[in-house]
Amino acid sequence: MTDRELLELAAKAAGIPLKPDFAERYDYYMSDRLMWNPLTDDGDALRLAVKLGLTVYQWSDEVCVCNEKGTVNENVARVGDIYGATRRAIVLAAAEIGKGIKQPITEGTVETDNYYKSQTEAEELGKGMK
């Protein structure tokens with residue numbers, strides 16, 4: 001899966017509406033420092049993990065991100081950049097949640113904070129859309 005696809009699914013899990021031309025203008029949007037990109041921004045990754053109720057574990061050779069239900073468990077090898085590995089593991093876990101959500105997230109379909117209230121709400125929405 002490409003970084004663009006991971007970000008789209010992670011955004012869907014968090015209820016963040018992406019601009020309609022995100023896929024076509026991905027490189028442009030990702031070069032804008034004000035854009036949401038939890039693959040490169042520690043703050044975006046932390047907010048995503050908190051919003052979805054994800055737990056991060058650090059070991060000497062890998063990072064593991066999971067949810068308390070045990071339905072999501074992503075491991076990323078800890079090679080070089082531990083921060084980058086942690087961000088990637090968070091996005092991978094969020095993307096797994098996003099895969100279960102079939103409804104596209106667009107402006108006006110989520111609350112004003114652009115996030116679902118909890119991981120449970122996101123997962124329930126995903127189950128209902130299958």
# chains A, B, ... in the order shown; residues from 1 in each chain; ligands from 1

call {"tool": "closest_atom_pairs", "arguments": {"of": "stretch 46-77 of chain A", "to": "stretch 10-30 of chain A", "cutoff": "9 Å", "atoms": "only C-alpha atoms", "output": "JSON lines"}}
result
{"residue": "A:Leu48", "atom": "CA", "partner": "A:Ala14", "partner_atom": "CA", "distance": 6.8}
{"residue": "A:Lys51", "atom": "CA", "partner": "A:Ala14", "partner_atom": "CA", "distance": 6.9}
{"residue": "A:Leu52", "atom": "CA", "partner": "A:Ala14", "partner_atom": "CA", "distance": 6.8}

call {"tool": "write_last_selection", "arguments": {"atoms": "C-alpha atoms", "output": "tab-separated table (two decimals), in the first residue's frame"}}
result
chain	number	residue	atom	x	y	z
A	48	LEU	CA	-4.33	10.22	15.54
A	51	LYS	CA	-8.23	9.82	18.84
A	52	LEU	CA	-8.36	6.14	17.91

call {"tool": "residues_around", "arguments": {"residues": "stretch 83-99 of chain A", "least_positions_apart": "4", "cutoff": "7 Å", "atoms": "only C-alpha atoms", "output": "list of chain:residue names"}}
result
A:Leu6, A:Leu9, A:Ala10, A:Lys12, A:Ala13, A:Pro38, A:Leu39, A:Asp42, A:Ala45, A:Ala49, A:Val63, A:Cys64, A:Val65, A:Cys66, A:Val72, A:Asn73, A:Glu74, A:Asn75, A:Val76, A:Ala77, A:Arg78, A:Glu123

call {"tool": "atom_distance", "arguments": {"atom1": "atom CA of A:Leu7", "atom2": "atom CA of A:Thr55"}}
result
18.9 Å

call {"tool": "atom_distance", "arguments": {"atom1": "atom CA of A:Thr2", "atom2": "atom CA of A:Gly80"}}
result
20.7 Å

call {"tool": "residues_around", "arguments": {"residues": "A:Asn67", "least_positions_apart": "2", "cutoff": "7 Å", "atoms": "only C-alpha atoms", "output": "list in words"}}
result
Gly53, Leu54, Thr55, Lys69, Gly70, Thr71 and Val72 of chain A

call {"tool": "select_by_dssp", "arguments": {"residues": "stretch 22-64 of chain A", "states": "strand (DSSP E or B)", "output": "VMD selection string"}}
result
chain A and resid 54 to 58 62 to 64

call {"tool": "atom_distance", "arguments": {"atom1": "atom CA of A:Lys102", "atom2": "atom CA of A:Asp44"}}
result
23.2 Å
